[in-house]
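**Q** File name my_file_25.cif; file contents mmCIF, C-alpha atoms; full text below.
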```cif
data_target
loop_
_atom_site.group_PDB
_atom_site.id
_atom_site.type_symbol
_atom_site.label_atom_id
_atom_site.label_comp_id
_atom_site.auth_asym_id
_atom_site.auth_seq_id
_atom_site.Cartn_x
_atom_site.Cartn_y
_atom_site.Cartn_z
ATOM 1 C CA MET A 1 0.000 0.000 0.000
ATOM 2 C CA HIS A 2 1.170 3.508 -0.823
ATOM 3 C CA TYR A 3 0.272 6.723 0.980
ATOM 4 C CA ARG A 4 -0.319 10.313 -0.075
ATOM 5 C CA GLN A 5 -0.502 13.589 1.801
ATOM 6 C CA LEU A 6 -4.097 14.624 2.523
ATOM 7 C CA GLY A 7 -4.138 18.288 1.584
ATOM 8 C CA ARG A 8 -2.816 20.600 4.296
ATOM 9 C CA THR A 9 -3.511 18.159 7.130
ATOM 10 C CA ASP A 10 -0.686 16.265 8.787
ATOM 11 C CA TRP A 11 -2.098 12.931 7.603
ATOM 12 C CA LYS A 12 -0.734 10.568 4.993
ATOM 13 C CA VAL A 13 -3.524 8.281 3.877
ATOM 14 C CA SER A 14 -3.639 5.073 1.871
ATOM 15 C CA ASP A 15 -4.128 5.863 -1.799
ATOM 16 C CA ILE A 16 -6.704 3.087 -1.924
ATOM 17 C CA SER A 17 -8.968 3.717 1.035
ATOM 18 C CA PHE A 18 -12.407 2.408 2.017
ATOM 19 C CA GLY A 19 -15.797 3.857 1.121
ATOM 20 C CA ALA A 20 -18.379 2.677 3.653
ATOM 21 C CA TRP A 21 -21.654 3.400 1.849
ATOM 22 C CA ALA A 22 -22.256 -0.216 0.836
ATOM 23 C CA ILE A 23 -21.908 -1.567 4.390
ATOM 24 C CA GLY A 24 -24.551 0.879 5.579
ATOM 25 C CA GLY A 25 -27.330 0.498 3.038
ATOM 26 C CA SER A 26 -28.741 1.146 -0.448
ATOM 27 C CA TRP A 27 -26.613 -1.600 -2.005
ATOM 28 C CA GLY A 28 -28.742 -4.626 -1.205
ATOM 29 C CA SER A 29 -28.533 -6.771 1.913
ATOM 30 C CA VAL A 30 -25.286 -7.119 3.828
ATOM 31 C CA SER A 31 -24.540 -8.662 7.210
ATOM 32 C CA ASP A 32 -22.740 -6.748 9.937
ATOM 33 C CA ASP A 33 -20.359 -9.672 10.489
ATOM 34 C CA GLU A 34 -19.309 -9.697 6.849
ATOM 35 C CA SER A 35 -19.059 -5.913 6.810
ATOM 36 C CA LEU A 36 -16.713 -6.013 9.809
ATOM 37 C CA ALA A 37 -14.678 -8.717 8.081
ATOM 38 C CA ALA A 38 -14.410 -6.461 5.019
ATOM 39 C CA LEU A 39 -13.316 -3.536 7.170
ATOM 40 C CA ARG A 40 -10.697 -5.645 8.949
ATOM 41 C CA LYS A 41 -9.359 -6.898 5.631
ATOM 42 C CA ALA A 42 -8.957 -3.272 4.525
ATOM 43 C CA ILE A 43 -6.892 -2.480 7.619
ATOM 44 C CA ASP A 44 -4.815 -5.630 7.145
ATOM 45 C CA CYS A 45 -4.101 -4.470 3.569
ATOM 46 C CA GLY A 46 -2.766 -1.144 4.859
ATOM 47 C CA VAL A 47 -5.869 1.062 4.577
ATOM 48 C CA ASN A 48 -5.843 3.805 7.215
ATOM 49 C CA PHE A 49 -8.647 6.042 5.906
ATOM 50 C CA ILE A 50 -12.378 5.249 5.865
ATOM 51 C CA ASP A 51 -15.104 7.450 4.412
ATOM 52 C CA THR A 52 -18.661 7.184 5.707
ATOM 53 C CA ALA A 53 -21.754 9.338 6.344
ATOM 54 C CA ASP A 54 -24.432 9.697 8.988
ATOM 55 C CA VAL A 55 -27.133 8.595 6.545
ATOM 56 C CA TYR A 56 -25.453 5.362 5.434
ATOM 57 C CA GLY A 57 -27.923 2.974 7.019
ATOM 58 C CA ASP A 58 -29.057 5.720 9.425
ATOM 59 C CA GLY A 59 -25.810 5.530 11.389
ATOM 60 C CA ARG A 60 -25.220 1.806 10.816
ATOM 61 C CA SER A 61 -22.020 2.390 8.852
ATOM 62 C CA GLU A 62 -20.612 4.768 11.477
ATOM 63 C CA ARG A 63 -21.397 2.328 14.292
ATOM 64 C CA LEU A 64 -19.667 -0.531 12.477
ATOM 65 C CA ILE A 65 -16.567 1.639 12.070
ATOM 66 C CA ALA A 66 -16.668 2.417 15.806
ATOM 67 C CA LYS A 67 -16.621 -1.340 16.486
ATOM 68 C CA LEU A 68 -13.655 -1.732 14.182
ATOM 69 C CA LYS A 69 -11.710 1.072 15.846
ATOM 70 C CA LYS A 70 -12.366 -0.386 19.276
ATOM 71 C CA SER A 71 -10.669 -3.630 18.262
ATOM 72 C CA GLU A 72 -7.789 -2.086 16.280
ATOM 73 C CA LYS A 73 -4.586 -0.616 17.681
ATOM 74 C CA ARG A 74 -3.515 0.921 14.374
ATOM 75 C CA GLU A 75 -4.475 4.524 13.623
ATOM 76 C CA ILE A 76 -7.589 4.785 11.490
ATOM 77 C CA ILE A 77 -8.690 8.177 10.170
ATOM 78 C CA VAL A 78 -12.449 8.441 9.689
ATOM 79 C CA ALA A 79 -14.159 10.964 7.445
ATOM 80 C CA THR A 80 -17.907 11.293 7.805
ATOM 81 C CA LYS A 81 -20.505 13.515 6.173
ATOM 82 C CA ALA A 82 -23.538 15.535 7.202
ATOM 83 C CA GLY A 83 -26.440 17.244 5.486
ATOM 84 C CA ARG A 84 -28.459 14.533 3.773
ATOM 85 C CA ARG A 85 -30.765 14.101 6.756
ATOM 86 C CA LEU A 86 -32.630 17.136 5.513
ATOM 87 C CA PRO A 87 -35.979 16.184 3.978
ATOM 88 C CA ARG A 88 -35.279 18.764 1.275
ATOM 89 C CA GLN A 89 -31.936 20.328 0.416
ATOM 90 C CA THR A 90 -31.957 24.051 1.246
ATOM 91 C CA VAL A 91 -29.272 26.460 2.368
ATOM 92 C CA GLU A 92 -31.379 27.282 5.423
ATOM 93 C CA GLY A 93 -31.199 23.637 6.458
ATOM 94 C CA TYR A 94 -27.474 24.031 7.137
ATOM 95 C CA SER A 95 -28.148 26.038 10.282
ATOM 96 C CA ARG A 96 -25.959 26.162 13.347
ATOM 97 C CA GLN A 97 -28.447 24.034 15.271
ATOM 98 C CA ASN A 98 -28.732 21.380 12.564
ATOM 99 C CA LEU A 99 -24.989 21.147 11.989
ATOM 100 C CA ALA A 100 -24.339 20.860 15.723
ATOM 101 C CA THR A 101 -26.989 18.141 16.051
ATOM 102 C CA TRP A 102 -25.631 16.140 13.118
ATOM 103 C CA VAL A 103 -22.121 16.378 14.526
ATOM 104 C CA GLU A 104 -23.250 15.188 17.952
ATOM 105 C CA ASP A 105 -25.049 12.232 16.365
ATOM 106 C CA SER A 106 -21.910 11.220 14.455
ATOM 107 C CA LEU A 107 -19.734 11.639 17.536
ATOM 108 C CA LYS A 108 -22.053 9.245 19.369
ATOM 109 C CA ASN A 109 -22.187 6.730 16.499
ATOM 110 C CA LEU A 110 -18.405 6.766 16.098
ATOM 111 C CA SER A 111 -17.782 6.629 19.870
ATOM 112 C CA THR A 112 -15.442 9.598 19.809
ATOM 113 C CA ASP A 113 -15.314 13.119 21.164
ATOM 114 C CA CYS A 114 -13.838 14.702 18.014
ATOM 115 C CA LEU A 115 -14.489 13.916 14.344
ATOM 116 C CA ASP A 116 -11.351 13.581 12.215
ATOM 117 C CA LEU A 117 -12.937 15.060 9.089
ATOM 118 C CA LEU A 118 -16.491 16.267 8.531
ATOM 119 C CA GLN A 119 -17.680 16.841 4.968
ATOM 120 C CA LEU A 120 -20.803 18.674 3.890
ATOM 121 C CA HIS A 121 -22.722 15.983 2.021
ATOM 122 C CA CYS A 122 -23.512 17.307 -1.457
ATOM 123 C CA PRO A 123 -25.300 20.460 -0.296
ATOM 124 C CA PRO A 124 -27.180 22.710 -2.747
ATOM 125 C CA THR A 125 -25.009 24.761 -5.077
ATOM 126 C CA ALA A 126 -26.234 28.030 -3.554
ATOM 127 C CA LEU A 127 -24.681 27.104 -0.215
ATOM 128 C CA TYR A 128 -21.216 27.905 -1.543
ATOM 129 C CA ASP A 129 -22.197 31.575 -1.673
ATOM 130 C CA HIS A 130 -22.970 31.571 2.071
ATOM 131 C CA ALA A 131 -19.762 32.114 4.008
ATOM 132 C CA GLU A 132 -21.630 31.908 7.309
ATOM 133 C CA VAL A 133 -22.036 28.128 6.912
ATOM 134 C CA PHE A 134 -18.264 27.712 6.738
ATOM 135 C CA GLY A 135 -17.996 30.037 9.725
ATOM 136 C CA ILE A 136 -20.138 27.575 11.690
ATOM 137 C CA LEU A 137 -17.746 24.788 10.720
ATOM 138 C CA ASP A 138 -14.829 26.946 11.877
ATOM 139 C CA ASP A 139 -16.581 27.349 15.224
ATOM 140 C CA LEU A 140 -17.034 23.576 15.511
ATOM 141 C CA VAL A 141 -13.295 23.151 14.924
ATOM 142 C CA GLN A 142 -12.565 25.752 17.604
ATOM 143 C CA ALA A 143 -14.924 23.927 19.974
ATOM 144 C CA GLY A 144 -12.961 20.701 19.492
ATOM 145 C CA LYS A 145 -15.796 18.858 17.777
ATOM 146 C CA LEU A 146 -13.934 18.535 14.445
ATOM 147 C CA ARG A 147 -10.280 18.408 13.511
ATOM 148 C CA PHE A 148 -10.839 19.354 9.874
ATOM 149 C CA TYR A 149 -13.665 19.832 7.398
ATOM 150 C CA GLY A 150 -14.262 19.554 3.684
ATOM 151 C CA VAL A 151 -17.032 19.035 1.162
ATOM 152 C CA SER A 152 -18.484 16.309 -1.008
ATOM 153 C CA VAL A 153 -19.780 17.744 -4.269
ATOM 154 C CA GLU A 154 -21.799 16.782 -7.311
ATOM 155 C CA LYS A 155 -20.511 19.490 -9.650
ATOM 156 C CA ILE A 156 -17.125 20.906 -10.536
ATOM 157 C CA ASP A 157 -18.448 24.449 -10.148
ATOM 158 C CA GLU A 158 -19.226 23.623 -6.523
ATOM 159 C CA ALA A 159 -15.705 22.310 -5.980
ATOM 160 C CA MET A 160 -14.197 25.459 -7.481
ATOM 161 C CA LYS A 161 -16.195 27.642 -5.101
ATOM 162 C CA ALA A 162 -15.538 25.459 -2.066
ATOM 163 C CA VAL A 163 -11.754 25.646 -2.294
ATOM 164 C CA GLU A 164 -11.865 29.436 -2.000
ATOM 165 C CA TYR A 165 -12.844 29.058 1.660
ATOM 166 C CA PRO A 166 -9.516 29.008 3.503
ATOM 167 C CA ASN A 167 -10.241 26.149 5.904
ATOM 168 C CA VAL A 168 -11.756 23.703 3.427
ATOM 169 C CA GLN A 169 -9.196 20.899 3.486
ATOM 170 C CA THR A 170 -10.699 18.289 1.184
ATOM 171 C CA VAL A 171 -13.038 17.863 -1.768
ATOM 172 C CA GLN A 172 -14.737 14.572 -2.479
ATOM 173 C CA ILE A 173 -15.762 14.345 -6.119
ATOM 174 C CA ILE A 174 -16.835 11.656 -8.586
ATOM 175 C CA PHE A 175 -13.795 10.768 -10.672
ATOM 176 C CA ASN A 176 -13.251 7.626 -12.707
ATOM 177 C CA CYS A 177 -12.732 6.405 -16.288
ATOM 178 C CA PHE A 178 -16.328 7.493 -17.028
ATOM 179 C CA ARG A 179 -16.132 10.889 -15.304
ATOM 180 C CA GLN A 180 -12.915 12.549 -16.472
ATOM 181 C CA ARG A 181 -13.849 16.227 -16.379
ATOM 182 C CA PRO A 182 -12.406 16.914 -12.875
ATOM 183 C CA ALA A 183 -8.910 16.278 -14.250
ATOM 184 C CA GLU A 184 -9.511 18.842 -16.991
ATOM 185 C CA LYS A 185 -11.280 21.538 -14.991
ATOM 186 C CA PHE A 186 -10.488 21.208 -11.274
ATOM 187 C CA PHE A 187 -7.310 19.343 -10.393
ATOM 188 C CA ALA A 188 -4.889 22.151 -11.228
ATOM 189 C CA ARG A 189 -6.751 24.555 -8.933
ATOM 190 C CA ALA A 190 -6.900 21.960 -6.165
ATOM 191 C CA LYS A 191 -3.131 21.485 -6.365
ATOM 192 C CA GLU A 192 -2.586 25.239 -6.146
ATOM 193 C CA LYS A 193 -4.688 25.327 -2.990
ATOM 194 C CA HIS A 194 -3.157 22.133 -1.540
ATOM 195 C CA ILE A 195 -6.563 20.488 -1.316
ATOM 196 C CA GLY A 196 -6.955 16.783 -0.639
ATOM 197 C CA ILE A 197 -9.057 15.036 -3.289
ATOM 198 C CA LEU A 198 -11.105 11.954 -2.488
ATOM 199 C CA ALA A 199 -12.154 10.192 -5.692
ATOM 200 C CA ARG A 200 -15.596 8.809 -4.992
ATOM 201 C CA VAL A 201 -17.705 6.372 -7.043
ATOM 202 C CA PRO A 202 -14.350 5.194 -8.449
ATOM 203 C CA LEU A 203 -15.808 2.046 -10.011
ATOM 204 C CA ALA A 204 -18.972 3.677 -11.403
ATOM 205 C CA SER A 205 -21.222 1.675 -9.059
ATOM 206 C CA GLY A 206 -19.652 -1.577 -10.200
ATOM 207 C CA LEU A 207 -19.675 -0.976 -13.957
ATOM 208 C CA LEU A 208 -15.895 -0.635 -13.994
ATOM 209 C CA THR A 209 -15.370 -3.920 -12.167
ATOM 210 C CA GLY A 210 -16.229 -5.711 -15.414
ATOM 211 C CA LYS A 211 -18.455 -8.092 -13.452
ATOM 212 C CA LEU A 212 -21.830 -6.671 -14.466
ATOM 213 C CA THR A 213 -23.790 -7.816 -17.516
ATOM 214 C CA ARG A 214 -27.052 -6.970 -19.220
ATOM 215 C CA ASP A 215 -28.616 -9.762 -17.178
ATOM 216 C CA SER A 216 -27.359 -8.567 -13.779
ATOM 217 C CA LYS A 217 -30.163 -8.172 -11.231
ATOM 218 C CA PHE A 218 -30.170 -5.669 -8.385
ATOM 219 C CA ALA A 219 -32.169 -5.881 -5.167
ATOM 220 C CA ALA A 220 -35.139 -3.600 -4.639
ATOM 221 C CA ASP A 221 -33.186 -1.642 -1.995
ATOM 222 C CA ASP A 222 -30.095 -1.263 -4.213
ATOM 223 C CA HIS A 223 -29.798 2.229 -5.719
ATOM 224 C CA ARG A 224 -28.628 0.638 -8.973
ATOM 225 C CA ASN A 225 -32.191 -0.590 -9.292
ATOM 226 C CA PHE A 226 -34.164 2.433 -8.101
ATOM 227 C CA ASN A 227 -32.035 5.501 -8.945
ATOM 228 C CA ARG A 228 -30.830 5.047 -12.532
ATOM 229 C CA HIS A 229 -32.578 8.230 -13.617
ATOM 230 C CA GLY A 230 -32.179 10.197 -10.387
ATOM 231 C CA GLU A 231 -35.488 9.165 -8.858
ATOM 232 C CA SER A 232 -34.170 9.388 -5.268
ATOM 233 C CA PHE A 233 -30.971 11.460 -5.495
ATOM 234 C CA ASP A 234 -28.599 12.789 -8.135
ATOM 235 C CA MET A 235 -28.381 10.269 -10.972
ATOM 236 C CA GLY A 236 -24.639 10.869 -11.172
ATOM 237 C CA GLU A 237 -24.295 8.773 -8.001
ATOM 238 C CA THR A 238 -25.580 5.691 -9.858
ATOM 239 C CA PHE A 239 -23.311 4.276 -12.573
ATOM 240 C CA SER A 240 -21.721 7.773 -12.631
ATOM 241 C CA GLY A 241 -24.728 8.977 -14.618
ATOM 242 C CA VAL A 242 -23.793 6.757 -17.563
ATOM 243 C CA ASP A 243 -26.442 4.776 -19.425
ATOM 244 C CA TYR A 244 -26.064 1.192 -18.202
ATOM 245 C CA ASN A 245 -25.803 -0.531 -21.573
ATOM 246 C CA THR A 246 -23.468 2.146 -22.937
ATOM 247 C CA GLY A 247 -21.265 1.661 -19.893
ATOM 248 C CA LEU A 248 -21.134 -2.088 -20.476
ATOM 249 C CA GLU A 249 -20.058 -1.518 -24.088
ATOM 250 C CA ALA A 250 -17.282 0.838 -22.980
ATOM 251 C CA VAL A 251 -16.047 -1.654 -20.383
ATOM 252 C CA GLU A 252 -15.899 -4.403 -22.989
ATOM 253 C CA GLU A 253 -13.672 -2.178 -25.110
ATOM 254 C CA MET A 254 -11.447 -1.408 -22.115
ATOM 255 C CA ARG A 255 -10.850 -5.080 -21.341
ATOM 256 C CA ALA A 256 -8.245 -5.253 -24.075
ATOM 257 C CA LEU A 257 -6.156 -2.708 -22.139
ATOM 258 C CA VAL A 258 -5.991 -4.699 -18.906
ATOM 259 C CA PRO A 259 -2.612 -6.417 -18.370
ATOM 260 C CA ASN A 260 -2.422 -10.143 -17.626
ATOM 261 C CA GLY A 261 -2.857 -10.890 -13.941
ATOM 262 C CA VAL A 262 -4.697 -7.616 -13.292
ATOM 263 C CA SER A 263 -8.443 -7.373 -12.720
ATOM 264 C CA MET A 264 -10.642 -4.805 -14.422
ATOM 265 C CA THR A 265 -11.309 -3.342 -10.957
ATOM 266 C CA GLN A 266 -7.598 -2.892 -10.299
ATOM 267 C CA PHE A 267 -7.043 -1.347 -13.707
ATOM 268 C CA ALA A 268 -9.809 1.209 -13.137
ATOM 269 C CA LEU A 269 -8.485 2.133 -9.686
ATOM 270 C CA ARG A 270 -4.881 2.355 -10.930
ATOM 271 C CA TRP A 271 -6.108 4.716 -13.676
ATOM 272 C CA ILE A 272 -7.345 7.094 -10.954
ATOM 273 C CA LEU A 273 -4.009 6.954 -9.138
ATOM 274 C CA MET A 274 -2.209 8.080 -12.291
ATOM 275 C CA PHE A 275 -3.395 11.607 -11.396
ATOM 276 C CA ASP A 276 -1.154 13.044 -8.699
ATOM 277 C CA ALA A 277 -3.784 15.590 -7.644
ATOM 278 C CA VAL A 278 -5.828 12.689 -6.243
ATOM 279 C CA THR A 279 -5.109 11.795 -2.640
ATOM 280 C CA CYS A 280 -7.046 8.550 -2.604
ATOM 281 C CA ALA A 281 -9.783 6.538 -4.258
ATOM 282 C CA ILE A 282 -12.504 5.275 -1.929
ATOM 283 C CA PRO A 283 -14.014 2.108 -3.416
ATOM 284 C CA GLY A 284 -16.538 0.230 -1.344
ATOM 285 C CA GLY A 285 -16.369 -3.431 -0.505
ATOM 286 C CA LYS A 286 -18.951 -5.770 1.003
ATOM 287 C CA THR A 287 -16.647 -8.784 1.309
ATOM 288 C CA PRO A 288 -13.004 -9.301 2.280
ATOM 289 C CA GLN A 289 -12.212 -10.594 -1.222
ATOM 290 C CA GLN A 290 -13.594 -7.448 -2.868
ATOM 291 C CA VAL A 291 -11.538 -5.317 -0.498
ATOM 292 C CA ALA A 292 -8.341 -7.280 -1.149
ATOM 293 C CA ASP A 293 -8.876 -6.923 -4.906
ATOM 294 C CA ASN A 294 -9.343 -3.173 -4.534
ATOM 295 C CA CYS A 295 -6.304 -2.685 -2.325
ATOM 296 C CA ALA A 296 -3.982 -4.566 -4.679
ATOM 297 C CA ALA A 297 -4.358 -1.683 -7.154
ATOM 298 C CA SER A 298 -2.072 0.449 -4.996
ATOM 299 C CA ASP A 299 0.968 -1.698 -5.753
ATOM 300 C CA LEU A 300 0.455 -2.014 -9.498
ATOM 301 C CA PRO A 301 3.007 -0.361 -11.816
ATOM 302 C CA PRO A 302 1.906 2.788 -13.649
ATOM 303 C CA LEU A 303 -0.343 2.330 -16.651
ATOM 304 C CA THR A 304 1.259 2.859 -20.036
ATOM 305 C CA ASP A 305 0.799 6.034 -22.045
ATOM 306 C CA LYS A 306 -0.986 3.930 -24.642
ATOM 307 C CA ALA A 307 -3.480 2.597 -22.088
ATOM 308 C CA MET A 308 -4.164 6.098 -20.764
ATOM 309 C CA ALA A 309 -4.715 7.389 -24.289
ATOM 310 C CA GLU A 310 -7.066 4.524 -25.102
ATOM 311 C CA VAL A 311 -9.169 5.111 -21.977
ATOM 312 C CA LYS A 312 -9.499 8.739 -23.016
ATOM 313 C CA ARG A 313 -10.479 7.733 -26.547
ATOM 314 C CA ILE A 314 -13.178 5.385 -25.266
ATOM 315 C CA TYR A 315 -14.467 8.126 -22.972
ATOM 316 C CA ASP A 316 -14.485 10.674 -25.783
ATOM 317 C CA GLN A 317 -16.302 8.365 -28.179
ATOM 318 C CA LYS A 318 -18.834 6.674 -25.909
ATOM 319 C CA ILE A 319 -19.276 8.627 -22.668
ATOM 320 C CA ARG A 320 -18.287 12.284 -22.936
ATOM 321 C CA ALA A 321 -21.399 13.575 -24.683
ATOM 322 C CA ALA A 322 -23.703 12.270 -21.942
ATOM 323 C CA VAL A 323 -21.778 13.377 -18.839
ATOM 324 C CA GLN A 324 -19.074 15.939 -19.574
ATOM 325 C CA ASN A 325 -21.083 19.130 -19.161
ATOM 326 C CA ARG A 326 -23.750 17.846 -16.778
ATOM 327 C CA TRP A 327 -21.599 17.795 -13.666
#
```
Show how you would write the structure in this file as structure tokens.
**A**
Amino acid sequence: MHYRQLGRTDWKVSDISFGAWAIGGSWGSVSDDESLAALRKAIDCGVNFIDTADVYGDGRSERLIAKLKKSEKREIIVATKAGRRLPRQTVEGYSRQNLATWVEDSLKNLSTDCLDLLQLHCPPTALYDHAEVFGILDDLVQAGKLRFYGVSVEKIDEAMKAVEYPNVQTVQIIFNCFRQRPAEKFFARAKEKHIGILARVPLASGLLTGKLTRDSKFAADDHRNFNRHGESFDMGETFSGVDYNTGLEAVEEMRALVPNGVSMTQFALRWILMFDAVTCAIPGGKTPQQVADNCAASDLPPLTDKAMAEVKRIYDQKIRAAVQNRW
């Protein structure tokens, strides 16, 4: 496992980390025992950074991470998120009282008295014009409730605005072979500002694992079944906003680029790590084997220039028109 500096913090985090959405909910059924086994496998592989949120299983994901930390002696940095408990996303919902309540709930779930990193969880675009919200976060840092804070965004424009606030340390943004615009429009600015970048949805909800087919079935409570067109939340969260069948066609074309002995999953994660502006990718994993497969991407050699050019060509020809200017 390799490690990268997380923005202006004093942390070096595993470049393949752990995204804990799937062990909380909205990805079909999962047992707590298997989720804990997946988390422990991540730590055994060298992962020291876990990303979660208060709404992942209504605190279930955070509580599982608290159990893990209780049994582990190694340092584990936990990033959580707040804001999606609102019944409707409004700037007014990010009030001092609401933010303080969400933070207290996460502190309780995570069995800690200070959150390592709190991220605003895809708030409305207009929020980034309200400096007072970031002032509240500053006050929570001063009060010892948070060490650092950042944002999770849907759109590049939101990321560009967020990094102008001096104490925003991290930006979590969708970045993968099917969502390449951040590298073109945001990464240079993030590097100037020394911002940590967490690449979320790195496997396009499983499309980039190469394991899905036209016949794949998803459980009723799996967002890949119920949110393909943004019925419940932003459609970019599901398959990165890419049409399912188009995504499968693109993956089939990419298979020819994958070296012998490397999985499609590992190839897709190693592609993300080719961008030095990225601090870490945060793939999820519901089983120890999935986690081990993800983590092995960290030790792969760099992809060839030819492979990088071919991924860009496939994106340009099959994906770009549908996603490039939407987010």
**Q** What residues come out when you apply the PyMOL selection byres ((chain A and resi 257) around 12) to this file, written as a PyMOL selection string?
**A** chain A and resi 250-256+258-260+262-264+266-268+271+303-312+314
**Q** Go ahead and find all residues with at least one atom no further than 12 Å from (-4.8, 21.6, -5.3) in the file's coordinates, using all atoms listed in the file; report them as an MDAnalysis selection string.
**A** chainID A and resid 5:8 159:160 162:164 168:171 182:183 185:198 275:279
**Q** Quote the spacing between CA of Leu300 in chain A and CA of Ile77 in chain A in Å to one decimal place.
**A**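 Those two atoms sit 24.0 Å apart.
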**Q** Between A:Lys70, A:Arg181, A:Lys318, A:His223, which one has atoms that come closest to Ser29 in chain A, using all atoms listed in the file?
**A**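 For Ser29 in chain A, the nearest of the candidates is A:His223.
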**Q** I want to know what sits within 10 Å of Trp102 in chain A, based on only C-alpha atoms, with residues of the same chain fewer than 3 positions away left out; could you give that as a ChimeraX atom specification?
**A** /A:54,81-85,97-99,105-108
**Q** Restrict the selected residues to C-alpha atoms and save them as a PDB file, in the frame of the given file.
**A**
```
ATOM      1  CA  ASP A  54     -24.432   9.697   8.988  1.00  0.00           C
ATOM      2  CA  LYS A  81     -20.505  13.515   6.173  1.00  0.00           C
ATOM      3  CA  ALA A  82     -23.538  15.535   7.202  1.00  0.00           C
ATOM      4  CA  GLY A  83     -26.440  17.244   5.486  1.00  0.00           C
ATOM      5  CA  ARG A  84     -28.459  14.533   3.773  1.00  0.00           C
ATOM      6  CA  ARG A  85     -30.765  14.101   6.756  1.00  0.00           C
ATOM      7  CA  GLN A  97     -28.447  24.034  15.271  1.00  0.00           C
ATOM      8  CA  ASN A  98     -28.732  21.380  12.564  1.00  0.00           C
ATOM      9  CA  LEU A  99     -24.989  21.147  11.989  1.00  0.00           C
ATOM     10  CA  ASP A 105     -25.049  12.232  16.365  1.00  0.00           C
ATOM     11  CA  SER A 106     -21.910  11.220  14.455  1.00  0.00           C
ATOM     12  CA  LEU A 107     -19.734  11.639  17.536  1.00  0.00           C
ATOM     13  CA  LYS A 108     -22.053   9.245  19.369  1.00  0.00           C
TER      14      LYS A 108
END
```
**Q** Exactly which residues make up the result of the PyMOL selection byres ((chain A and resi 116) around 7) on this file, given as a PDB file with C-alpha atoms, in the coordinates of the input?
**A**
```pdb
ATOM      1  CA  ILE A  77      -8.690   8.177  10.170  1.00  0.00           C
ATOM      2  CA  VAL A  78     -12.449   8.441   9.689  1.00  0.00           C
ATOM      3  CA  ALA A  79     -14.159  10.964   7.445  1.00  0.00           C
ATOM      4  CA  CYS A 114     -13.838  14.702  18.014  1.00  0.00           C
ATOM      5  CA  LEU A 115     -14.489  13.916  14.344  1.00  0.00           C
ATOM      6  CA  LEU A 117     -12.937  15.060   9.089  1.00  0.00           C
ATOM      7  CA  LEU A 118     -16.491  16.267   8.531  1.00  0.00           C
ATOM      8  CA  LEU A 146     -13.934  18.535  14.445  1.00  0.00           C
ATOM      9  CA  ARG A 147     -10.280  18.408  13.511  1.00  0.00           C
ATOM     10  CA  PHE A 148     -10.839  19.354   9.874  1.00  0.00           C
TER      11      PHE A 148
END
```
**Q** From the options A:Leu36, A:Val133, A:Ala219, A:Ile156, which residue's atoms come nearest to Glu184 in chain A, counting only C-alpha atoms?
**A**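 Distance minimum relative to Glu184 in chain A lands on A:Ile156.
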**Q** Under the PyMOL selection byres ((chain A and resi 3) around 10), which residues of this model are included? Write them out as JSON, numbers by chain.
**A** {"A": [1, 2, 4, 5, 6, 11, 12, 13, 14, 15, 16, 17, 46, 47, 48, 279, 280, 298]}
**Q** Is there a way to get, as an NGL selection string, all residues within 10 Å of the point (-22.0, -2.1, -13.0) in file coordinates, counting only C-alpha atoms?
**A** :A and (203-214 or 216 or 224 or 238-240 or 244-245 or 247-248 or 251)
**Q** Residues at most 12 Å from Tyr128 in chain A, counting only C-alpha atoms, excluding those fewer than 2 positions away in the same chain, as a PyMOL selection string?
**A** chain A and resi 90-91+94+120+122-126+130-135+151-153+155+157-165+168
**Q** Convert the current residue selection to file output with C-alpha atoms, as a PDB file, in the coordinates of the input.
**A**
```
ATOM      1  CA  THR A  90     -31.957  24.051   1.246  1.00  0.00           C
ATOM      2  CA  VAL A  91     -29.272  26.460   2.368  1.00  0.00           C
ATOM      3  CA  TYR A  94     -27.474  24.031   7.137  1.00  0.00           C
ATOM      4  CA  LEU A 120     -20.803  18.674   3.890  1.00  0.00           C
ATOM      5  CA  CYS A 122     -23.512  17.307  -1.457  1.00  0.00           C
ATOM      6  CA  PRO A 123     -25.300  20.460  -0.296  1.00  0.00           C
ATOM      7  CA  PRO A 124     -27.180  22.710  -2.747  1.00  0.00           C
ATOM      8  CA  THR A 125     -25.009  24.761  -5.077  1.00  0.00           C
ATOM      9  CA  ALA A 126     -26.234  28.030  -3.554  1.00  0.00           C
ATOM     10  CA  HIS A 130     -22.970  31.571   2.071  1.00  0.00           C
ATOM     11  CA  ALA A 131     -19.762  32.114   4.008  1.00  0.00           C
ATOM     12  CA  GLU A 132     -21.630  31.908   7.309  1.00  0.00           C
ATOM     13  CA  VAL A 133     -22.036  28.128   6.912  1.00  0.00           C
ATOM     14  CA  PHE A 134     -18.264  27.712   6.738  1.00  0.00           C
ATOM     15  CA  GLY A 135     -17.996  30.037   9.725  1.00  0.00           C
ATOM     16  CA  VAL A 151     -17.032  19.035   1.162  1.00  0.00           C
ATOM     17  CA  SER A 152     -18.484  16.309  -1.008  1.00  0.00           C
ATOM     18  CA  VAL A 153     -19.780  17.744  -4.269  1.00  0.00           C
ATOM     19  CA  LYS A 155     -20.511  19.490  -9.650  1.00  0.00           C
ATOM     20  CA  ASP A 157     -18.448  24.449 -10.148  1.00  0.00           C
ATOM     21  CA  GLU A 158     -19.226  23.623  -6.523  1.00  0.00           C
ATOM     22  CA  ALA A 159     -15.705  22.310  -5.980  1.00  0.00           C
ATOM     23  CA  MET A 160     -14.197  25.459  -7.481  1.00  0.00           C
ATOM     24  CA  LYS A 161     -16.195  27.642  -5.101  1.00  0.00           C
ATOM     25  CA  ALA A 162     -15.538  25.459  -2.066  1.00  0.00           C
ATOM     26  CA  VAL A 163     -11.754  25.646  -2.294  1.00  0.00           C
ATOM     27  CA  GLU A 164     -11.865  29.436  -2.000  1.00  0.00           C
ATOM     28  CA  TYR A 165     -12.844  29.058   1.660  1.00  0.00           C
ATOM     29  CA  VAL A 168     -11.756  23.703   3.427  1.00  0.00           C
TER      30      VAL A 168
END
```
